[in-house]
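Structure first, commentary second.
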Amino acid sequence: MARPTLARDLMRRRQAVLSPTYFHHYDDPLIAARSAGVFIWDTDGRAYLDCYNNVPSVGHCHPRVIEALHRQASLINTHSRYLHDSIVTYAERLTATFPPELDMCAFVCTGTEANGLAYELARVATGNRGVVVTDGSYHGNLLDVGDMSLYRTRPSDRPDFVRAIPHPEPRFEVSRGNSGRNGKEIAARAEPVIRAQARSRSGLAMLLIDPIFDAPGIFTAPPGYLAELSGIVRGEGGLVVMDEVQSGLTRLGDNMWGFMDSGIVPDIVTMGKPMGAGYPLAAVAARRAIFEEFAARRRYFNTFAGTPVAGAIGNAVLDVIEGESVQQNVRDVGRYLSAGLLRLKDQFPCIGDVRGKGLFLGVEFVTDRQSPRPDPVTARALVNEMKRKGVLVSACGKVDSVLKIRPPLVFSRENADQLLETLRTSLREHIGNQTGTIMDSTRTRRASDE
Ligand SMILES: Cc1ncc(COP(=O)(O)O)c(C=O)c1O
């Protein structure tokens with residue numbers, strides 16, 4: 001455990017000088033000192049298995065990324081107004097990962113900026129300013145993009161250029177007598193909202209949507225959902241913008257980008273977090289005609305985006321993804337981990353659901369599987385207990401009742417075993433604390449046993 005006085009002192013200084021919007025994980029906050037691969041060490045030299053961070057996508061401090069950063073920063077780092085090979089090569093490699101229709105890109109520094117630029121593109125292309133987003137979504141935090149992030153604003157503060165459609169939620173569907181797997185049917189229910197937006201004063205500029213709905217609790221899109229929604233939006237003259245800031249770069253395992261799982265081709269794709277493995281690198285890819293029309297009507301320049309260092313790092317991250325079979329690892333370890341979590345669900349009735357895809361998984365806690373009422377108290381207790389045991393996770397969802405598991409993409413089966421074993425032990429202790437008895441009869445079985 002990091003020295004309590006050091007943590008207390010740092011927290012006091014932080015609270016004195018940083019905006020109150022800054023929050024921290026864990027009752028006993030981590031003082032991060034260094035990291036490598038899937039581990040973070042605190043100032044006492046204690047190692048923590050990182051099951052939470054998606055930004056160090058190819059692992060913390062990957063030597064290839066560090067070497068590229070150092071090499072390019074030692075030579076030159078300027079803006080994009082001079083010619084430099086690294087960012088052009090990166091743009092070529094990045095656009096080659098998309099369907100041929102999405103053959104141009106622009107660089108920015110954050111996911112918020114990527115969605116802001118996508119919105120500008122959509123406004124110029126359609127002449128409209130209305131947006132449709134899914135309930136509880138998060139797309140960034142400034143101005144119009146902040147207003148599109150329903151996760152962070154109260155419905156009463158929502159401006160009328162933003163309208164919400166429900167995100168897919170199988171449990172809700174089942175309560176309506178549906179299977180929850182018929183995406184077409186779920187999407188069709190959004191049609192009146194999309195149509196109303198298109199006929200409103202704002203018109204319809206775009207649907208902004210994630211391939212996986214993480215902020216409301218890690219729900220996946222059922223088959224047919226995105227295709228049906230896209231058809232409705234385009235029928236009303238809007239553009240389809242996929243927010244791949246979290247789900248992109250192999251996170252969901254089956255494809256490089258999450259939207260590819262559904263077979264649709266969006267008009268615009270926004271990306272960020274994992275691209276620079278810690279360096280602020282984000283981008284927008286779109287159909288050529290959309291960028292061309294925008295360039296004819298607007299100037300756009302972003303000082304810190306598309307620099308030689310950004311290009312060098314982006315290329316190094318792609319080198320690792322290609323050279324170390326990262327996508328295959330995500331698929332394999334994601335399935336392995338998901339199977340282990342489902343086994344825990346069989347053992348512990350307080351686990352109401354295990355969901356997600358690839359290395360983006362959620363474990364929902366409920367007070368009672370029949371009702372089922374979310375249980376943020378158990379989720380919070382487990383997040384803190386697992387941290388005490390050296391495993392970092394967090395909680396998400398409408399009331400933070402879902403354990404969020406989203407490790408670096410190079411997470412191994414052995415790492416998954418450590419996570420599962422720690423979760424199992426923590427659950428057993430939590431239940432024991434609650435009832436005074438140990439209810440799990442499988443205490444000697446390793447989580448990885450099949
Ligand atoms: C899906 C999604 N889009 C956009 C953003 C905003 O990215 P940034 O924090 O880089 O501005 C986030 C950040 O969490 C996100 O999860």
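Letters A, B, ... go to the chains of the structure tokens in the order shown; residues in each chain start at 1; ligands are counted from 1 in the same order.
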
* To do: For ligand 1, list the contacting residues at 9 Å or closer, counting only C-alpha atoms and all ligand atoms, as number ranges by chain.
  => A: 109-115, 137-142, 145, 149, 209-210, 212-215, 243-247, 270-273, 280-282

* Give the helix (DSSP H, G or I) residues of region 195-386 of chain A, as DSSP finds them on the backbone, and put them as a ChimeraX atom specification. => /A:195-199,225-235,258-262,273-276,288-297,308-323,326-347,376-386

* Near region 408-417 of chain A, within 10 Å and counting only C-alpha atoms, which residues show up once chain neighbours fewer than 3 positions away are dropped, as a VMD selection string? -> chain A and resid 37 to 39 49 to 60 249 to 253 274 277 320 to 321 324 to 338 340 to 341 358 to 360 391 405 420 to 423 446 to 449

Next, write the just-selected residues to a file, as a short mmCIF file (atom, residue, chain, number, x, y, z; two decimals), in the first residue's frame, keeping N, CA and C atoms as the atom set.
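What landed in part08.cif:
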data_model
loop_
_atom_site.label_atom_id
_atom_site.label_comp_id
_atom_site.auth_asym_id
_atom_site.auth_seq_id
_atom_site.Cartn_x
_atom_site.Cartn_y
_atom_site.Cartn_z
N GLY A 37 4.08 -3.10 -19.81
CA GLY A 37 3.15 -4.16 -20.23
C GLY A 37 1.78 -3.95 -19.63
N VAL A 38 1.31 -4.93 -18.82
CA VAL A 38 -0.02 -4.80 -18.22
C VAL A 38 0.08 -4.53 -16.72
N PHE A 39 1.21 -4.01 -16.28
CA PHE A 39 1.38 -3.73 -14.85
C PHE A 39 1.71 -2.27 -14.58
N LEU A 49 -2.01 -5.39 -11.46
CA LEU A 49 -2.40 -5.85 -12.79
C LEU A 49 -3.43 -4.86 -13.35
N ASP A 50 -3.13 -4.27 -14.49
CA ASP A 50 -4.00 -3.25 -15.05
C ASP A 50 -5.08 -3.89 -15.93
N CYS A 51 -6.30 -3.94 -15.41
CA CYS A 51 -7.42 -4.52 -16.17
C CYS A 51 -8.36 -3.42 -16.62
N TYR A 52 -7.89 -2.19 -16.59
CA TYR A 52 -8.79 -1.07 -16.81
C TYR A 52 -8.38 -0.13 -17.95
N ASN A 53 -7.10 0.03 -18.16
CA ASN A 53 -6.66 1.14 -19.03
C ASN A 53 -6.57 0.74 -20.50
N ASN A 54 -7.29 1.51 -21.32
CA ASN A 54 -7.30 1.24 -22.76
C ASN A 54 -6.33 2.14 -23.52
N VAL A 55 -5.88 3.23 -22.90
CA VAL A 55 -4.98 4.13 -23.61
C VAL A 55 -3.61 3.47 -23.87
N PRO A 56 -2.99 2.82 -22.87
CA PRO A 56 -1.75 2.08 -23.18
C PRO A 56 -2.10 0.81 -23.95
N SER A 57 -2.62 0.99 -25.15
CA SER A 57 -3.27 -0.09 -25.89
C SER A 57 -2.37 -1.30 -26.11
N VAL A 58 -1.13 -1.04 -26.51
CA VAL A 58 -0.24 -2.18 -26.81
C VAL A 58 0.63 -2.51 -25.59
N GLY A 59 0.19 -2.06 -24.44
CA GLY A 59 0.91 -2.28 -23.19
C GLY A 59 1.58 -0.98 -22.77
N HIS A 60 1.71 -0.81 -21.45
CA HIS A 60 2.36 0.40 -20.94
C HIS A 60 3.81 0.44 -21.42
N LEU A 249 -9.42 -0.10 -32.91
CA LEU A 249 -8.07 -0.65 -32.87
C LEU A 249 -8.03 -2.04 -32.22
N THR A 250 -8.95 -2.89 -32.63
CA THR A 250 -9.05 -4.31 -32.29
C THR A 250 -9.67 -4.59 -30.91
N ARG A 251 -10.11 -3.58 -30.19
CA ARG A 251 -10.63 -3.79 -28.83
C ARG A 251 -11.70 -4.87 -28.75
N LEU A 252 -12.57 -4.95 -29.81
CA LEU A 252 -13.68 -5.91 -29.76
C LEU A 252 -13.29 -7.27 -30.35
N GLY A 253 -12.07 -7.38 -30.86
CA GLY A 253 -11.51 -8.69 -31.20
C GLY A 253 -11.70 -9.20 -32.61
N PRO A 274 -6.72 4.71 -27.92
CA PRO A 274 -5.63 3.73 -28.00
C PRO A 274 -4.59 4.01 -29.08
N ALA A 277 -1.12 5.12 -27.79
CA ALA A 277 -0.62 4.37 -26.62
C ALA A 277 -0.16 5.32 -25.51
N VAL A 320 3.13 -2.71 -33.82
CA VAL A 320 2.95 -3.70 -32.74
C VAL A 320 1.66 -4.50 -32.99
N ILE A 321 0.60 -3.79 -33.36
CA ILE A 321 -0.68 -4.49 -33.58
C ILE A 321 -0.51 -5.55 -34.67
N GLU A 324 2.60 -8.26 -33.52
CA GLU A 324 2.44 -9.10 -32.32
C GLU A 324 1.06 -9.76 -32.27
N SER A 325 0.41 -9.87 -33.42
CA SER A 325 -0.90 -10.54 -33.53
C SER A 325 -1.86 -10.09 -32.44
N VAL A 326 -1.96 -8.79 -32.26
CA VAL A 326 -2.75 -8.25 -31.15
C VAL A 326 -4.24 -8.58 -31.29
N GLN A 327 -4.75 -8.46 -32.52
CA GLN A 327 -6.18 -8.72 -32.68
C GLN A 327 -6.54 -10.17 -32.31
N GLN A 328 -5.68 -11.08 -32.75
CA GLN A 328 -5.91 -12.49 -32.43
C GLN A 328 -5.87 -12.70 -30.91
N ASN A 329 -4.95 -12.00 -30.26
CA ASN A 329 -4.84 -12.11 -28.80
C ASN A 329 -6.12 -11.62 -28.13
N VAL A 330 -6.64 -10.48 -28.62
CA VAL A 330 -7.87 -9.92 -28.03
C VAL A 330 -9.01 -10.92 -28.17
N ARG A 331 -9.12 -11.50 -29.35
CA ARG A 331 -10.20 -12.46 -29.60
C ARG A 331 -10.06 -13.66 -28.66
N ASP A 332 -8.84 -14.20 -28.61
CA ASP A 332 -8.60 -15.41 -27.82
C ASP A 332 -8.78 -15.15 -26.32
N VAL A 333 -8.10 -14.13 -25.82
CA VAL A 333 -8.13 -13.88 -24.37
C VAL A 333 -9.50 -13.35 -23.96
N GLY A 334 -10.13 -12.56 -24.87
CA GLY A 334 -11.48 -12.07 -24.58
C GLY A 334 -12.45 -13.22 -24.36
N ARG A 335 -12.38 -14.22 -25.23
CA ARG A 335 -13.29 -15.38 -25.10
C ARG A 335 -12.99 -16.16 -23.82
N TYR A 336 -11.71 -16.34 -23.58
CA TYR A 336 -11.26 -17.08 -22.40
C TYR A 336 -11.75 -16.40 -21.12
N LEU A 337 -11.56 -15.08 -21.06
CA LEU A 337 -11.94 -14.31 -19.88
C LEU A 337 -13.46 -14.29 -19.72
N SER A 338 -14.16 -14.12 -20.83
CA SER A 338 -15.61 -14.09 -20.78
C SER A 338 -16.15 -15.43 -20.25
N GLY A 340 -14.60 -17.48 -18.26
CA GLY A 340 -14.29 -17.53 -16.83
C GLY A 340 -15.28 -16.70 -16.02
N LEU A 341 -15.65 -15.55 -16.54
CA LEU A 341 -16.61 -14.68 -15.83
C LEU A 341 -17.99 -15.34 -15.78
N GLY A 358 -14.72 -9.09 -26.92
CA GLY A 358 -13.27 -8.92 -26.97
C GLY A 358 -12.74 -8.61 -25.57
N LEU A 359 -11.89 -7.61 -25.48
CA LEU A 359 -11.38 -7.22 -24.17
C LEU A 359 -12.09 -5.96 -23.68
N PHE A 360 -13.40 -5.99 -23.78
CA PHE A 360 -14.25 -4.92 -23.28
C PHE A 360 -15.45 -5.60 -22.64
N VAL A 391 -5.20 -5.71 -8.22
CA VAL A 391 -5.84 -5.79 -9.55
C VAL A 391 -6.70 -4.54 -9.75
N ILE A 405 -14.14 -4.04 -17.32
CA ILE A 405 -12.88 -4.75 -17.56
C ILE A 405 -12.43 -4.41 -18.99
N LEU A 420 -9.48 -13.30 -12.68
CA LEU A 420 -10.62 -14.14 -12.28
C LEU A 420 -10.47 -14.63 -10.84
N GLU A 421 -9.25 -15.04 -10.51
CA GLU A 421 -9.00 -15.56 -9.16
C GLU A 421 -9.20 -14.45 -8.12
N THR A 422 -8.73 -13.25 -8.45
CA THR A 422 -8.87 -12.12 -7.51
C THR A 422 -10.33 -11.74 -7.36
N LEU A 423 -11.06 -11.76 -8.46
CA LEU A 423 -12.49 -11.42 -8.39
C LEU A 423 -13.22 -12.46 -7.54
N ARG A 446 -9.46 -23.30 -9.10
CA ARG A 446 -8.89 -22.12 -9.73
C ARG A 446 -9.84 -21.61 -10.80
N ALA A 447 -9.87 -20.31 -10.95
CA ALA A 447 -10.81 -19.71 -11.89
C ALA A 447 -10.58 -20.21 -13.31
N SER A 448 -9.34 -20.62 -13.61
CA SER A 448 -9.04 -21.04 -14.98
C SER A 448 -9.35 -22.53 -15.21
N ASP A 449 -9.72 -23.26 -14.14
CA ASP A 449 -10.00 -24.69 -14.31
C ASP A 449 -11.16 -24.91 -15.28
#

* Asked: Got a sec: who's within 8 Å of Gly238 (chain A), counting only C-alpha atoms, leaving out chain neighbours fewer than 5 positions off, as a list in words?
  -> Ala122, Thr126, Ala198, Leu204, Ala205, Met206, Leu207 and Val233 of chain A

* Asked: In Å to one decimal, how far is CA of Val284 (chain A) from CA of Val309 (chain A)?
  ->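 Here the two named atoms are 18.1 Å from each other.
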
Per-residue DSSP, region 255-450 of chain A, filtered to strand (DSSP E), as a short mmCIF file (atom, residue, chain, number, x, y, z; two decimals) with C-alpha atoms, in the first residue's frame:
data_model
loop_
_atom_site.label_atom_id
_atom_site.label_comp_id
_atom_site.auth_asym_id
_atom_site.auth_seq_id
_atom_site.Cartn_x
_atom_site.Cartn_y
_atom_site.Cartn_z
CA ILE A 268 -17.53 9.27 -40.70
CA VAL A 269 -15.51 7.44 -38.04
CA THR A 270 -13.94 9.10 -35.00
CA MET A 271 -10.99 7.59 -33.13
CA ALA A 282 -6.86 11.08 -32.38
CA ALA A 283 -8.40 11.18 -35.84
CA VAL A 284 -11.45 11.41 -38.04
CA ALA A 285 -11.83 9.25 -41.16
CA ALA A 286 -14.54 10.04 -43.70
CA ILE A 351 -23.63 -11.50 -10.64
CA GLY A 352 -26.66 -10.62 -12.74
CA ASP A 353 -25.00 -10.48 -16.13
CA VAL A 354 -21.69 -10.85 -17.96
CA ARG A 355 -21.56 -8.98 -21.25
CA GLY A 356 -19.38 -7.22 -23.77
CA LYS A 357 -17.00 -8.37 -26.46
CA PHE A 360 -14.25 -4.92 -23.28
CA LEU A 361 -16.29 -6.82 -20.72
CA GLY A 362 -18.77 -5.91 -18.00
CA VAL A 363 -19.90 -7.84 -14.93
CA GLU A 364 -23.15 -6.50 -13.53
CA PHE A 365 -23.98 -6.90 -9.86
CA VAL A 366 -27.59 -7.20 -8.73
CA THR A 367 -29.23 -7.50 -5.34
CA ASP A 368 -31.52 -10.20 -6.67
CA ARG A 373 -32.03 -4.52 -9.07
CA PRO A 374 -28.55 -3.12 -9.75
CA VAL A 391 -5.84 -5.79 -9.55
CA LEU A 392 -7.17 -2.57 -11.08
CA SER A 394 -13.46 0.21 -12.22
CA ALA A 395 -17.25 0.45 -12.29
CA CYS A 396 -19.57 1.92 -14.93
CA VAL A 402 -21.07 -2.86 -13.61
CA LEU A 403 -17.45 -3.90 -13.19
CA LYS A 404 -15.63 -2.50 -16.20
CA ILE A 405 -12.88 -4.75 -17.56
#

* Do you have the CA of Asn182 (chain A)-CA of His167 (chain A) distance handy? ->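 CA of His167 (chain A) lies at a distance of 13.1 Å from CA of Asn182 (chain A).
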
* **Shortest interatomic distance to Ile186 (chain A) - which of A:Pro211, A:Leu229, A:Ala164, A:Met386, counting only C-alpha atoms** =>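 Comparing A:Pro211, A:Leu229, A:Ala164, A:Met386 against Ile186 (chain A), the winner is A:Leu229.
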
* CA of Asp160 (chain A) and CA of Arg201 (chain A) are how many Å apart? ->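 A separation of 9.1 Å between them.
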